[in-house]
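Below is the file target.csv, which contains CSV, C-alpha atoms.
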```csv
chain,number,residue,atom,x,y,z
A,304,MET,CA,-9.5,7.1,10.9
A,305,LYS,CA,-9.1,8.9,7.6
A,306,THR,CA,-6.1,9.1,5.4
A,307,GLU,CA,-3.9,12.1,5.3
A,308,PRO,CA,-1.6,12.5,2.2
A,309,LYS,CA,1.5,12.5,4.3
A,310,GLN,CA,0.6,9.0,5.6
A,311,LEU,CA,0.9,7.7,2.1
A,312,LEU,CA,4.4,8.9,1.5
A,313,LEU,CA,6.0,5.4,1.8
A,314,TYR,CA,3.4,2.7,1.5
A,315,ALA,CA,4.6,-0.9,1.9
A,316,VAL,CA,2.8,-4.0,0.7
A,317,THR,CA,3.8,-7.4,2.2
A,318,ASP,CA,5.0,-10.4,0.2
A,319,ARG,CA,6.1,-13.5,2.0
A,320,HIS,CA,7.9,-14.7,-1.1
A,321,TRP,CA,10.8,-12.5,-0.1
A,322,LEU,CA,11.2,-14.1,3.3
A,323,GLN,CA,14.5,-15.7,4.1
A,324,GLU,CA,14.6,-19.3,5.5
A,325,GLY,CA,13.3,-19.4,9.0
A,326,GLU,CA,12.1,-15.8,8.9
A,327,THR,CA,8.5,-14.8,9.8
A,328,LEU,CA,6.7,-12.0,8.1
A,329,ASP,CA,6.6,-9.7,11.2
A,330,GLN,CA,10.4,-9.5,11.2
A,331,PRO,CA,10.9,-7.6,7.9
A,332,VAL,CA,7.7,-5.7,8.6
A,333,GLU,CA,9.1,-4.4,11.9
A,334,GLN,CA,12.4,-3.5,10.2
A,335,ALA,CA,10.4,-1.6,7.5
A,336,LEU,CA,8.4,0.2,10.2
A,337,ARG,CA,11.7,1.2,12.0
A,338,GLY,CA,13.0,2.5,8.7
A,339,GLY,CA,10.1,4.8,8.3
A,340,VAL,CA,7.3,3.1,6.4
A,341,THR,CA,4.2,5.4,6.7
A,342,PHE,CA,1.4,2.9,5.7
A,343,LEU,CA,1.2,-0.9,5.5
A,344,GLN,CA,-1.0,-3.3,3.6
A,345,ILE,CA,-1.0,-7.0,4.1
A,346,ARG,CA,-1.5,-8.8,0.8
A,347,GLU,CA,-1.8,-12.6,1.0
A,348,LYS,CA,-3.0,-14.5,-2.1
A,349,ASP,CA,-1.9,-18.0,-1.0
A,350,LEU,CA,-2.7,-18.3,2.7
A,351,ASP,CA,-5.9,-20.0,4.0
A,352,GLU,CA,-8.3,-17.8,5.9
A,353,LYS,CA,-7.2,-18.9,9.4
A,354,SER,CA,-3.5,-18.3,8.6
A,355,PHE,CA,-4.3,-15.0,6.9
A,356,GLU,CA,-6.2,-13.7,10.0
A,357,ALA,CA,-3.4,-14.8,12.4
A,358,GLU,CA,-0.8,-13.0,10.3
A,359,ALA,CA,-3.0,-9.9,9.9
A,360,LEU,CA,-3.5,-9.7,13.7
A,361,ARG,CA,0.3,-9.9,14.3
A,362,LEU,CA,1.1,-7.2,11.8
A,363,GLN,CA,-1.8,-5.0,13.0
A,364,GLU,CA,-0.4,-5.1,16.5
A,365,LEU,CA,3.0,-4.0,15.1
A,366,CYS,CA,1.5,-1.2,13.1
A,367,ARG,CA,-0.4,0.1,16.1
A,368,ARG,CA,2.8,0.1,18.1
A,369,TYR,CA,4.4,2.3,15.5
A,370,ARG,CA,1.3,4.3,14.9
A,371,VAL,CA,1.1,3.4,11.2
A,372,PRO,CA,-2.2,2.7,9.4
A,373,PHE,CA,-2.7,-1.0,8.7
A,374,ILE,CA,-5.0,-2.2,5.9
A,375,VAL,CA,-6.0,-5.5,4.4
A,376,ASN,CA,-5.9,-6.2,0.7
A,377,ASP,CA,-9.1,-7.4,-0.9
A,378,ASN,CA,-10.5,-9.4,2.0
A,379,VAL,CA,-13.3,-7.1,3.2
A,380,PRO,CA,-14.8,-9.6,5.7
A,381,LEU,CA,-11.5,-10.1,7.4
A,382,ALA,CA,-10.8,-6.3,7.6
A,383,VAL,CA,-14.1,-5.9,9.3
A,384,ARG,CA,-13.6,-8.8,11.6
A,385,ILE,CA,-10.2,-7.7,13.0
A,386,HIS,CA,-11.1,-4.0,13.0
A,387,SER,CA,-8.2,-3.0,10.7
A,388,ASP,CA,-7.8,0.6,9.8
A,389,GLY,CA,-9.2,-0.1,6.4
A,390,VAL,CA,-9.1,-2.2,3.2
A,391,HIS,CA,-7.8,-1.9,-0.4
A,392,VAL,CA,-9.7,-3.3,-3.3
A,393,GLY,CA,-9.0,-3.6,-7.1
A,394,GLN,CA,-11.2,-2.8,-10.0
A,395,GLU,CA,-12.1,-6.5,-10.4
A,396,ASP,CA,-13.1,-6.8,-6.7
A,397,MET,CA,-16.2,-5.6,-4.9
A,398,LYS,CA,-17.5,-2.1,-5.9
A,399,ALA,CA,-16.1,0.6,-3.8
A,400,SER,CA,-19.6,1.8,-2.8
A,401,GLU,CA,-20.4,-1.7,-1.5
A,402,VAL,CA,-17.2,-1.9,0.4
A,403,ARG,CA,-17.8,1.5,2.0
A,404,LYS,CA,-21.2,0.3,3.3
A,405,LEU,CA,-19.5,-2.8,4.9
A,406,ILE,CA,-16.6,-1.0,6.5
A,407,GLY,CA,-18.4,2.1,7.6
A,408,PRO,CA,-17.6,5.8,7.1
A,409,ASP,CA,-14.6,6.0,9.4
A,410,LYS,CA,-12.4,3.3,7.9
A,411,ILE,CA,-9.8,3.8,5.1
A,412,LEU,CA,-10.9,2.7,1.7
A,413,GLY,CA,-8.2,2.4,-1.0
A,414,VAL,CA,-9.1,1.6,-4.6
A,415,SER,CA,-6.9,0.7,-7.6
A,416,ALA,CA,-7.3,2.7,-10.7
A,417,GLN,CA,-5.7,2.8,-14.2
A,418,THR,CA,-7.7,5.5,-15.9
A,419,VAL,CA,-9.3,8.8,-15.1
A,420,GLU,CA,-12.7,7.2,-15.4
A,421,ASP,CA,-11.7,4.5,-12.8
A,422,ALA,CA,-10.4,7.2,-10.5
A,423,LEU,CA,-13.4,9.5,-10.7
A,424,ARG,CA,-15.8,6.6,-10.1
A,425,ALA,CA,-13.8,5.4,-7.1
A,426,GLU,CA,-13.7,8.8,-5.6
A,427,ALA,CA,-17.5,9.2,-6.1
A,428,GLU,CA,-18.1,5.8,-4.5
A,429,GLY,CA,-16.2,6.7,-1.3
A,430,ALA,CA,-12.5,5.9,-1.9
A,431,ASP,CA,-10.1,7.8,0.5
A,432,TYR,CA,-7.1,7.3,-1.8
A,433,LEU,CA,-6.2,5.7,-5.1
A,434,GLY,CA,-3.4,3.2,-6.0
A,435,VAL,CA,-2.5,3.9,-9.6
A,436,GLY,CA,-0.2,1.6,-11.7
A,437,ALA,CA,1.7,-0.2,-12.8
A,438,VAL,CA,3.8,2.8,-13.4
A,439,PHE,CA,6.9,0.7,-14.2
A,440,PRO,CA,7.2,-3.0,-15.3
A,441,THR,CA,6.6,-5.2,-12.3
A,442,GLY,CA,6.8,-8.9,-11.5
A,443,SER,CA,4.8,-8.7,-8.3
A,444,LYS,CA,1.4,-8.8,-10.1
A,445,ASP,CA,0.6,-11.0,-13.1
A,446,ASP,CA,-2.4,-8.9,-14.0
A,447,ALA,CA,-0.7,-5.4,-13.6
A,448,VAL,CA,-1.8,-2.9,-16.2
A,449,ASP,CA,0.7,-0.4,-17.4
A,450,VAL,CA,-0.1,3.3,-16.7
A,451,SER,CA,1.9,6.0,-18.4
A,452,LYS,CA,3.3,9.0,-16.6
A,453,GLU,CA,0.9,11.2,-18.5
A,454,MET,CA,-2.1,9.1,-17.3
A,455,LEU,CA,-0.8,9.1,-13.7
A,456,THR,CA,-0.5,12.9,-13.9
A,457,ALA,CA,-4.0,13.2,-15.4
A,458,ILE,CA,-5.5,11.1,-12.6
A,459,CYS,CA,-3.8,13.2,-9.9
A,460,LYS,CA,-5.3,16.3,-11.5
A,461,ALA,CA,-8.7,14.8,-11.9
A,462,VAL,CA,-9.4,13.8,-8.3
A,463,THR,CA,-9.2,15.6,-4.9
A,464,ILE,CA,-8.2,12.5,-3.0
A,465,PRO,CA,-4.5,11.5,-2.7
A,466,VAL,CA,-2.9,9.2,-5.3
A,467,VAL,CA,-0.2,6.6,-4.6
A,468,ALA,CA,1.9,5.3,-7.5
A,469,ILE,CA,2.4,1.6,-7.6
A,470,GLY,CA,4.2,-1.0,-9.7
A,471,GLY,CA,7.9,-1.6,-10.3
A,472,ILE,CA,9.1,1.4,-8.3
A,473,THR,CA,12.7,1.3,-7.1
A,474,TYR,CA,15.2,3.6,-5.5
A,475,GLU,CA,16.7,4.1,-8.9
A,476,ASN,CA,13.6,5.1,-10.8
A,477,VAL,CA,11.4,6.8,-8.2
A,478,SER,CA,12.6,10.3,-9.1
A,479,GLN,CA,11.0,10.0,-12.5
A,480,LEU,CA,7.6,10.4,-10.8
A,481,ALA,CA,8.5,13.8,-9.2
A,482,ASP,CA,6.2,16.0,-11.2
A,483,THR,CA,3.1,13.8,-11.4
A,484,GLY,CA,1.3,15.1,-8.3
A,485,ILE,CA,1.4,11.8,-6.3
A,486,ALA,CA,1.1,11.8,-2.5
A,487,GLY,CA,3.6,8.9,-2.3
A,488,ILE,CA,4.7,5.5,-3.6
A,489,SER,CA,3.6,1.9,-2.9
A,490,VAL,CA,6.3,-0.8,-3.0
A,491,ILE,CA,7.0,-4.4,-2.3
A,492,SER,CA,10.5,-5.5,-3.5
A,493,ALA,CA,12.1,-2.1,-3.1
A,494,ILE,CA,11.8,-2.7,0.6
A,495,PHE,CA,11.2,-6.4,1.3
A,496,GLY,CA,13.4,-7.6,-1.5
A,497,GLN,CA,16.5,-5.9,-0.1
A,498,LYS,CA,19.2,-7.4,2.1
A,499,ASN,CA,18.9,-4.7,4.7
A,500,VAL,CA,15.2,-3.9,4.9
A,501,GLU,CA,15.5,-1.1,7.5
A,502,ASP,CA,18.3,0.7,5.7
A,503,ALA,CA,16.6,0.3,2.3
A,504,THR,CA,13.4,1.7,3.7
A,505,ARG,CA,15.2,4.7,5.3
A,506,ARG,CA,17.0,5.5,2.1
A,507,LEU,CA,13.9,5.2,0.0
A,508,ARG,CA,11.9,7.4,2.3
A,509,GLU,CA,14.6,10.1,2.2
A,510,LYS,CA,14.6,10.0,-1.6
A,511,VAL,CA,10.8,10.3,-1.8
A,512,LEU,CA,10.9,13.2,0.7
A,513,ALA,CA,13.5,15.0,-1.3
A,514,MET,CA,11.4,14.4,-4.4
A,515,GLN,CA,8.3,15.8,-2.8
A,516,ASN,CA,10.1,18.9,-1.6
A,517,LYS,CA,11.0,19.7,-5.2
A,518,LEU,CA,7.3,19.8,-6.2
```

Can the structure in the file be given as structure tokens, please?
Amino acid sequence: MKTEPKQLLLYAVTDRHWLQEGETLDQPVEQALRGGVTFLQIREKDLDEKSFEAEALRLQELCRRYRVPFIVNDNVPLAVRIHSDGVHVGQEDMKASEVRKLIGPDKILGVSAQTVEDALRAEAEGADYLGVGAVFPTGSKDDAVDVSKEMLTAICKAVTIPVVAIGGITYENVSQLADTGIAGISVISAIFGQKNVEDATRRLREKVLAMQNKL
């Protein structure tokens, strides 16, 4: 299963810190899928391995029902074990070339990048898409590196694989990315931090589509 640019239009990343009391992660995820999320990544930094796997299997089943690619953040062994559609790794994680060997040629490999050098190296090592950011200030990642609009545009021009903008993107500021060449956006709080997840997802998708049509 390889990534098509259109699948990356609206890429949601999970964060259980936004869960309401008594809510389970699959509930807002299904609302997001109903609203039109096109790609989903499970990102769990605080769960033990057994709980992470159980959560991943639940969300994977949901994504398959909605025919949306499902990938695992960082945890390559888990991604291989549950046969997820792929995995996303950062610059400080395992080398992309090593990840590719472990997951095989047909799985999706996403790699984070902050510079043209990062991007070109990731592409050469087998990445299918890049996550570039943080393009706006964000509270979701303590180690987020700021990436200017000019750098984002330069990365999009330098590689042939699709690029997803990440970090601090909201309904209000997403239009600022219109002329950068991105395939889509990756968000957490712009979907899962909203009172009505399904409606927020639908509205954000419509705005990104409108932005893309102006390119």

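Summary of the local environment: counting all atoms listed in the file, residues at most 9 Å from Asp431 of chain A, other than itself and those fewer than 2 positions away along its chain, are A:Lys305, A:Thr306, A:Glu307, A:Lys410, A:Ile411, A:Leu412, A:Gly413, A:Val414, A:Ala425, A:Glu426, A:Gly429, A:Leu433, A:Ile464, A:Pro465.
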
**Study point:** Residue nearest Glu358 of chain A among A:His386, A:Lys404, A:Lys452, A:Arg346 (counting all atoms listed in the file)
**Key:**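 Under the stated criterion, the closest residue is A:Arg346.
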
**Study point:** Polymer residues at most 9 Å from Asp482 of chain A, all atoms listed in the file, same-chain spacing of 2 or more positions, as a PyMOL selection string
**Key:** chain A and resi 456+478-480+484-485+514-515+517-518

Practice item. Mind listing whatever residues come within 9 Å of the point (17.6, -5.3, 9.5)? Use all atoms listed in the file, file coordinates, and give them as a list in words. Key: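 Counting all atoms listed in the file, I find these residues within 9 Å of (17.6, -5.3, 9.5): Gln330, Pro331, Glu333, Gln334, Ala335, Lys498, Asn499, Val500, Glu501 and Asp502 of chain A.
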
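For segment 372-377 of chain A, the non-local neighbours within 6 Å, defined as residues at least 5 positions apart in the same chain or in other chains and counting only C-alpha atoms, are Phe342, Leu343, Gln344, Ile345, Arg346, Gln363, Ala382, Ser387, Asp388, Gly389, Val390, His391 and Val392 of chain A.
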
Practice item. Determine, counting only C-alpha atoms, which protein, DNA and RNA residues have an atom within 12 Å of an atom of Ser492 of chain A; residues of the same chain fewer than 3 positions away are not included. Present the result as a PyMOL selection string. Key: chain A and resi 314-322+331+335+441-444+469-474+489+495-500+503-504+507

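Between atom CA of Thr483 of chain A and atom CA of Val462 of chain A there is a distance of 12.9 Å.
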